[in-house]
Structures are given as structure tokens and as C-alpha cells.
Amino acid sequence: SIQPTQNFGEVSKDEAETYGDKVFRDMMVVKVVAVQLVNYLGYNVLFQDVDIVWYRNPLDYFSKNYLDVDMMFQDDGARSIRFAPYEANSGFYFVRKNVRTTYLLTTLLYQGDLVLSTNSHQQALIALMSEASSLYGLRVKTMPGRDFPGGFHYHRDGRLMRAIAEGTTQPTMFHMSWTENKANKVIFMKQMGFWHVKGDGCSAKAGENILQECCLAEPQVQCFYRDKASMTPCHNSPLLDKGAKDFWESKA
């Protein structure tokens, strides 16, 4: 990531300890600026968090589908009033450059205190999108979970995750959201064959080829917990959640 000190000098380089803490809120403001700047320069924008893996290039999907839609989001999975009416996940979304999206994203920038007061980029953005839809016809689409699944599906939709593991369903991407911390994200991504990075993480030095130094053509697949979705059965691994069932033996 790029964090110019003159703009983001106070943003911590460490991960947030809890959802909504100061580090988390500061990073949410950075998300506002990053997308607004690119859109304002005249480009379409695909924004995504780093806990995402592609099965195929999502830009191909967005360039051929829903061409009359201004913004397309992954389904968050939450069905609370807080994220209504779109239930959109702001960790993965596509923005077409036009006057409607430029006005929306500039408004979000000017009302950045809404992100801080709600502890959520997602909640603030959804509220302003709902308003923009009514006032000047902003068009928003929440994508189907089977094509753009995330942590909600990992933890609560065993049938879909088994279909992905067995290869009978191939989504466009996967987002390890709805997961408590970075350590668990890495564990779950390794179990599902989503981890294409050497070790637990890697950084290339200046002049080095990051693909050769850090990336794997074939993913790491490793068992940790038998009650969590996995590419292969993990029957000999311990349970993470007390009283849970073996993922590959459950019909849920």
C-alpha cells in the first residue's frame, strides 16, 4: 500500500486490534480518499481489501455485465438496518466513472466525519448511496453471493464452500471478511487453498521480482481446524469452536 506521509502520516502501519478502534477508523478514511482520487481523475475503480483471492479477473465481469449500473458491490451477508438497503461490503466494489459517482465520492470525502462517528466506512457509504439513489438516480447493484462470496459464506454456508472445494462451483473471487483477526484469516485461507504467498507473508526488496520472491503458482493447503471449511478433509485436526461439527461430515 502507498501512504504518503504528507497525507497519511498519522495512520498506523499495524493492524487494528478490534473492529472500530482508532487504527480501524483511520484506515477507513484512507479508503475514502484512495477511491475518490482515482475516480476524480476520470477512471473506473475496482477497490478491494488485501484478504481477497481471484479465481478469474473480475474486471472482465464488470466490463460485460450490468453496464447501466454505477456501482457494484460484494454482498456483505449482514441483514441489519445498519447496512440496509444494499447490505454491500465495501471491501470489494467496482465504480464506473460518471457524474453520479464523482458527486457521491466527493460527498463522502467532505462528510468523512460520518465514517469516524459510525466507526464504519461501509455504513457511511451505504447511507450516502441510498440518499444519492433517491436524489439523482445513482444505480447500485449488490452481486450474488455464489459469484462473489466472502466470510459470511465461509462461516455460514457450508454447502457453497464444499461446492467451491470440490470444484463444482467456481466464483469470481473470494473475500475472507467476517473473520476476527489477521492470524485467522491466514489460517482459513490456507485451509481453503486460497493462500498463494510463501510462508505467512512476504515482502520484496527494491529491485526484486515480487512474483518470484513471494508468490506461489499453486496454493499452500494446510489443515488447522476440522470444523472450518477446508479444501480437503481435516478430520485429525482440533475443533476451533466448542460443540461444532466436522465441516466435511456436516450437511449444513
# chains A, B, ... in the order shown; residues from 1 in each chain; ligands from 1
call {"tool": "residues_around", "arguments": {"residues": "region 93-103 of chain A", "least_positions_apart": "6", "cutoff": "6 Å", "atoms": "only C-alpha atoms", "output": "ChimeraX atom specification"}}
result
/A:39,43-47,70-73
call {"tool": "residues_around", "arguments": {"residues": "region 86-88 of chain A", "least_positions_apart": "2", "cutoff": "9 Å", "atoms": "only C-alpha atoms", "output": "list in words"}}
result
Met72, Phe73, Gln74, Asp75, Asp76, Gly77, Ala78, Arg79, Ser80, Ile81, Arg82, Phe83, Ala84, Ser90, Gly91, Phe92, Tyr93, Gln122, Gln123, Ile126, Met129, Ser130, Val140, Lys141, Thr142 and Met143 of chain A
call {"tool": "select_by_dssp", "arguments": {"residues": "region 81-241 of chain A", "states": "strand (DSSP E)", "output": "ChimeraX atom specification"}}
result
/A:88-95,140-142,173-175,195-197,215-220
call {"tool": "write_last_selection", "arguments": {"atoms": "C-alpha atoms", "output": "PDB file, in the first residue's frame"}}
result
ATOM      1  CA  ALA A  88     -22.970  -4.022   0.491  1.00  0.00           C
ATOM      2  CA  ASN A  89     -19.448  -4.943   1.555  1.00  0.00           C
ATOM      3  CA  SER A  90     -17.111  -2.003   0.979  1.00  0.00           C
ATOM      4  CA  GLY A  91     -14.077  -4.305   0.965  1.00  0.00           C
ATOM      5  CA  PHE A  92     -14.759  -5.203  -2.680  1.00  0.00           C
ATOM      6  CA  TYR A  93     -16.590  -2.945  -5.107  1.00  0.00           C
ATOM      7  CA  PHE A  94     -16.428  -1.517  -8.620  1.00  0.00           C
ATOM      8  CA  VAL A  95     -17.196   2.118  -9.504  1.00  0.00           C
ATOM      9  CA  VAL A 140     -26.232   0.324  -7.207  1.00  0.00           C
ATOM     10  CA  LYS A 141     -26.071  -3.462  -7.571  1.00  0.00           C
ATOM     11  CA  THR A 142     -25.243  -5.998  -4.840  1.00  0.00           C
ATOM     12  CA  MET A 173     -13.348 -14.110  -6.233  1.00  0.00           C
ATOM     13  CA  PHE A 174     -13.368 -14.791  -2.509  1.00  0.00           C
ATOM     14  CA  HIS A 175     -13.071 -12.291   0.364  1.00  0.00           C
ATOM     15  CA  TRP A 195      -3.052 -18.762   0.096  1.00  0.00           C
ATOM     16  CA  HIS A 196      -0.634 -18.138  -2.789  1.00  0.00           C
ATOM     17  CA  VAL A 197       2.085 -16.489  -0.686  1.00  0.00           C
ATOM     18  CA  CYS A 215       4.147 -15.732  -4.835  1.00  0.00           C
ATOM     19  CA  LEU A 216       3.179 -19.370  -5.399  1.00  0.00           C
ATOM     20  CA  ALA A 217       1.524 -20.676  -8.569  1.00  0.00           C
ATOM     21  CA  GLU A 218      -0.010 -23.486  -6.502  1.00  0.00           C
ATOM     22  CA  PRO A 219      -1.522 -22.511  -3.148  1.00  0.00           C
ATOM     23  CA  GLN A 220      -0.445 -23.691   0.267  1.00  0.00           C
TER      24      GLN A 220
END
call {"tool": "atom_distance", "arguments": {"atom1": "CA of Gly201 (chain A)", "atom2": "CA of Gly145 (chain A)"}}
result
27.7 Å
call {"tool": "select_by_dssp", "arguments": {"residues": "region 9-225 of chain A", "states": "helix (DSSP H, G or I)", "output": "PyMOL selection string"}}
result
chain A and resi 22-40+58-64+81-83+99-110+113-118+121-136+151-156+158-166+182-191+210-214
call {"tool": "closest_residue", "arguments": {"among": "A:Tyr110, A:Trp54, A:Tyr61, A:Trp178", "to": "Gln36 (chain A)", "atoms": "only C-alpha atoms"}}
result
A:Tyr110
call {"tool": "residues_around", "arguments": {"residues": "Glu249 (chain A)", "least_positions_apart": "3", "cutoff": "10 Å", "atoms": "only C-alpha atoms", "output": "list in words"}}
result
Arg226, Asp227, Pro233, His235, Lys245, Asp246 and Ala252 of chain A
call {"tool": "write_last_selection", "arguments": {"atoms": "C-alpha atoms", "output": "PDB file, in the first residue's frame"}}
result
ATOM      1  CA  ARG A 226     -11.765 -29.670  11.304  1.00  0.00           C
ATOM      2  CA  ASP A 227     -14.902 -27.580  11.932  1.00  0.00           C
ATOM      3  CA  PRO A 233     -10.971 -33.069   4.963  1.00  0.00           C
ATOM      4  CA  HIS A 235     -10.582 -34.958  10.365  1.00  0.00           C
ATOM      5  CA  LYS A 245     -19.218 -30.435  13.883  1.00  0.00           C
ATOM      6  CA  ASP A 246     -16.615 -31.642  11.428  1.00  0.00           C
ATOM      7  CA  ALA A 252     -25.262 -27.572   6.766  1.00  0.00           C
TER       8      ALA A 252
END
call {"tool": "closest_residue", "arguments": {"among": "A:Asn119, A:Asn57, A:Thr107, A:Gln170", "to": "Lys22 (chain A)", "atoms": "only C-alpha atoms"}}
result
A:Asn119
call {"tool": "closest_residue", "arguments": {"among": "A:Arg25, A:Lys190, A:Lys242, A:Lys64", "to": "Ser120 (chain A)", "atoms": "only C-alpha atoms"}}
result
A:Arg25
call {"tool": "closest_residue", "arguments": {"among": "A:Val29, A:Met231, A:Ile210, A:His153", "to": "Ser117 (chain A)", "atoms": "only C-alpha atoms"}}
result
A:Val29
call {"tool": "residues_around", "arguments": {"residues": "Ala244 (chain A)", "least_positions_apart": "3", "cutoff": "10 Å", "atoms": "only C-alpha atoms", "output": "VMD selection string"}}
result
chain A and resid 226 to 228 239 to 241 247 250
call {"tool": "residues_around", "arguments": {"residues": "region 159-167 of chain A", "least_positions_apart": "6", "cutoff": "8 Å", "atoms": "only C-alpha atoms", "output": "ChimeraX atom specification"}}
result
/A:146,153,192,229-232,248,251-252
call {"tool": "closest_residue", "arguments": {"among": "A:Met27, A:Val50, A:Leu59, A:Ala132", "to": "Lys182 (chain A)", "atoms": "only C-alpha atoms"}}
result
A:Val50
call {"tool": "decode", "arguments": {"residues": "region 228-250 of chain A", "atoms": "N, CA, C and O atoms", "output": "mmCIF file, in the first residue's frame"}}
result
data_model
loop_
_atom_site.group_PDB
_atom_site.id
_atom_site.type_symbol
_atom_site.label_atom_id
_atom_site.label_comp_id
_atom_site.auth_asym_id
_atom_site.auth_seq_id
_atom_site.Cartn_x
_atom_site.Cartn_y
_atom_site.Cartn_z
ATOM 1 N N LYS A 228 -13.875 -26.003 10.359
ATOM 2 C CA LYS A 228 -13.889 -24.884 9.429
ATOM 3 C C LYS A 228 -13.709 -25.377 7.995
ATOM 4 O O LYS A 228 -13.077 -26.403 7.756
ATOM 5 N N ALA A 229 -14.293 -24.642 7.061
ATOM 6 C CA ALA A 229 -14.242 -25.039 5.652
ATOM 7 C C ALA A 229 -12.805 -25.264 5.208
ATOM 8 O O ALA A 229 -11.905 -24.509 5.562
ATOM 9 N N SER A 230 -12.599 -26.324 4.430
ATOM 10 C CA SER A 230 -11.250 -26.685 4.001
ATOM 11 C C SER A 230 -11.282 -27.313 2.617
ATOM 12 O O SER A 230 -12.291 -27.888 2.205
ATOM 13 N N MET A 231 -10.163 -27.213 1.905
ATOM 14 C CA MET A 231 -10.073 -27.788 0.571
ATOM 15 C C MET A 231 -10.118 -29.320 0.619
ATOM 16 O O MET A 231 -10.691 -29.963 -0.249
ATOM 17 N N THR A 232 -9.507 -29.894 1.646
ATOM 18 C CA THR A 232 -9.526 -31.333 1.863
ATOM 19 C C THR A 232 -9.981 -31.606 3.298
ATOM 20 O O THR A 232 -9.845 -30.734 4.175
ATOM 21 N N PRO A 233 -10.526 -32.766 3.598
ATOM 22 C CA PRO A 233 -10.971 -33.069 4.963
ATOM 23 C C PRO A 233 -9.838 -32.941 5.976
ATOM 24 O O PRO A 233 -8.707 -33.347 5.717
ATOM 25 N N CYS A 234 -10.162 -32.359 7.122
ATOM 26 C CA CYS A 234 -9.175 -32.159 8.195
ATOM 27 C C CYS A 234 -9.621 -32.920 9.444
ATOM 28 O O CYS A 234 -9.645 -32.373 10.550
ATOM 29 N N HIS A 235 -9.984 -34.182 9.280
ATOM 30 C CA HIS A 235 -10.582 -34.958 10.365
ATOM 31 C C HIS A 235 -9.683 -35.075 11.592
ATOM 32 O O HIS A 235 -10.173 -35.251 12.712
ATOM 33 N N ASN A 236 -8.372 -35.035 11.409
ATOM 34 C CA ASN A 236 -7.444 -35.217 12.528
ATOM 35 C C ASN A 236 -7.066 -33.907 13.222
ATOM 36 O O ASN A 236 -6.279 -33.907 14.157
ATOM 37 N N SER A 237 -7.623 -32.809 12.767
ATOM 38 C CA SER A 237 -7.327 -31.509 13.367
ATOM 39 C C SER A 237 -8.322 -31.206 14.485
ATOM 40 O O SER A 237 -9.430 -31.749 14.506
ATOM 41 N N PRO A 238 -7.970 -30.320 15.413
ATOM 42 C CA PRO A 238 -8.877 -29.999 16.524
ATOM 43 C C PRO A 238 -10.036 -29.121 16.075
ATOM 44 O O PRO A 238 -10.044 -28.590 14.962
ATOM 45 N N LEU A 239 -11.017 -28.988 16.955
ATOM 46 C CA LEU A 239 -12.120 -28.057 16.737
ATOM 47 C C LEU A 239 -11.693 -26.659 17.156
ATOM 48 O O LEU A 239 -10.955 -26.499 18.131
ATOM 49 N N LEU A 240 -12.175 -25.645 16.433
ATOM 50 C CA LEU A 240 -11.957 -24.263 16.869
ATOM 51 C C LEU A 240 -13.100 -23.821 17.774
ATOM 52 O O LEU A 240 -12.872 -23.208 18.810
ATOM 53 N N ASP A 241 -14.320 -24.133 17.395
ATOM 54 C CA ASP A 241 -15.486 -23.713 18.159
ATOM 55 C C ASP A 241 -16.051 -24.893 18.957
ATOM 56 O O ASP A 241 -16.307 -25.968 18.395
ATOM 57 N N LYS A 242 -16.254 -24.682 20.239
ATOM 58 C CA LYS A 242 -16.748 -25.730 21.123
ATOM 59 C C LYS A 242 -18.115 -26.233 20.656
ATOM 60 O O LYS A 242 -19.022 -25.450 20.371
ATOM 61 N N GLY A 243 -18.241 -27.536 20.563
ATOM 62 C CA GLY A 243 -19.506 -28.147 20.182
ATOM 63 C C GLY A 243 -19.778 -28.158 18.690
ATOM 64 O O GLY A 243 -20.837 -28.633 18.257
ATOM 65 N N ALA A 244 -18.845 -27.654 17.872
ATOM 66 C CA ALA A 244 -19.053 -27.619 16.429
ATOM 67 C C ALA A 244 -18.873 -29.009 15.822
ATOM 68 O O ALA A 244 -18.316 -29.915 16.456
ATOM 69 N N LYS A 245 -19.340 -29.166 14.586
ATOM 70 C CA LYS A 245 -19.218 -30.435 13.883
ATOM 71 C C LYS A 245 -18.091 -30.376 12.854
ATOM 72 O O LYS A 245 -17.693 -29.313 12.401
ATOM 73 N N ASP A 246 -17.599 -31.539 12.486
ATOM 74 C CA ASP A 246 -16.615 -31.642 11.428
ATOM 75 C C ASP A 246 -17.219 -31.078 10.136
ATOM 76 O O ASP A 246 -18.327 -31.449 9.742
ATOM 77 N N PHE A 247 -16.511 -30.156 9.485
ATOM 78 C CA PHE A 247 -17.036 -29.495 8.288
ATOM 79 C C PHE A 247 -17.454 -30.493 7.218
ATOM 80 O O PHE A 247 -18.506 -30.373 6.600
ATOM 81 N N TRP A 248 -16.637 -31.515 6.972
ATOM 82 C CA TRP A 248 -16.907 -32.453 5.893
ATOM 83 C C TRP A 248 -17.929 -33.528 6.270
ATOM 84 O O TRP A 248 -18.349 -34.307 5.428
ATOM 85 N N GLU A 249 -18.319 -33.559 7.534
ATOM 86 C CA GLU A 249 -19.339 -34.501 7.972
ATOM 87 C C GLU A 249 -20.677 -33.818 8.210
ATOM 88 O O GLU A 249 -21.691 -34.485 8.426
ATOM 89 N N SER A 250 -20.681 -32.503 8.174
ATOM 90 C CA SER A 250 -21.915 -31.739 8.379
ATOM 91 C C SER A 250 -22.626 -31.529 7.059
ATOM 92 O O SER A 250 -21.991 -31.380 6.004
#
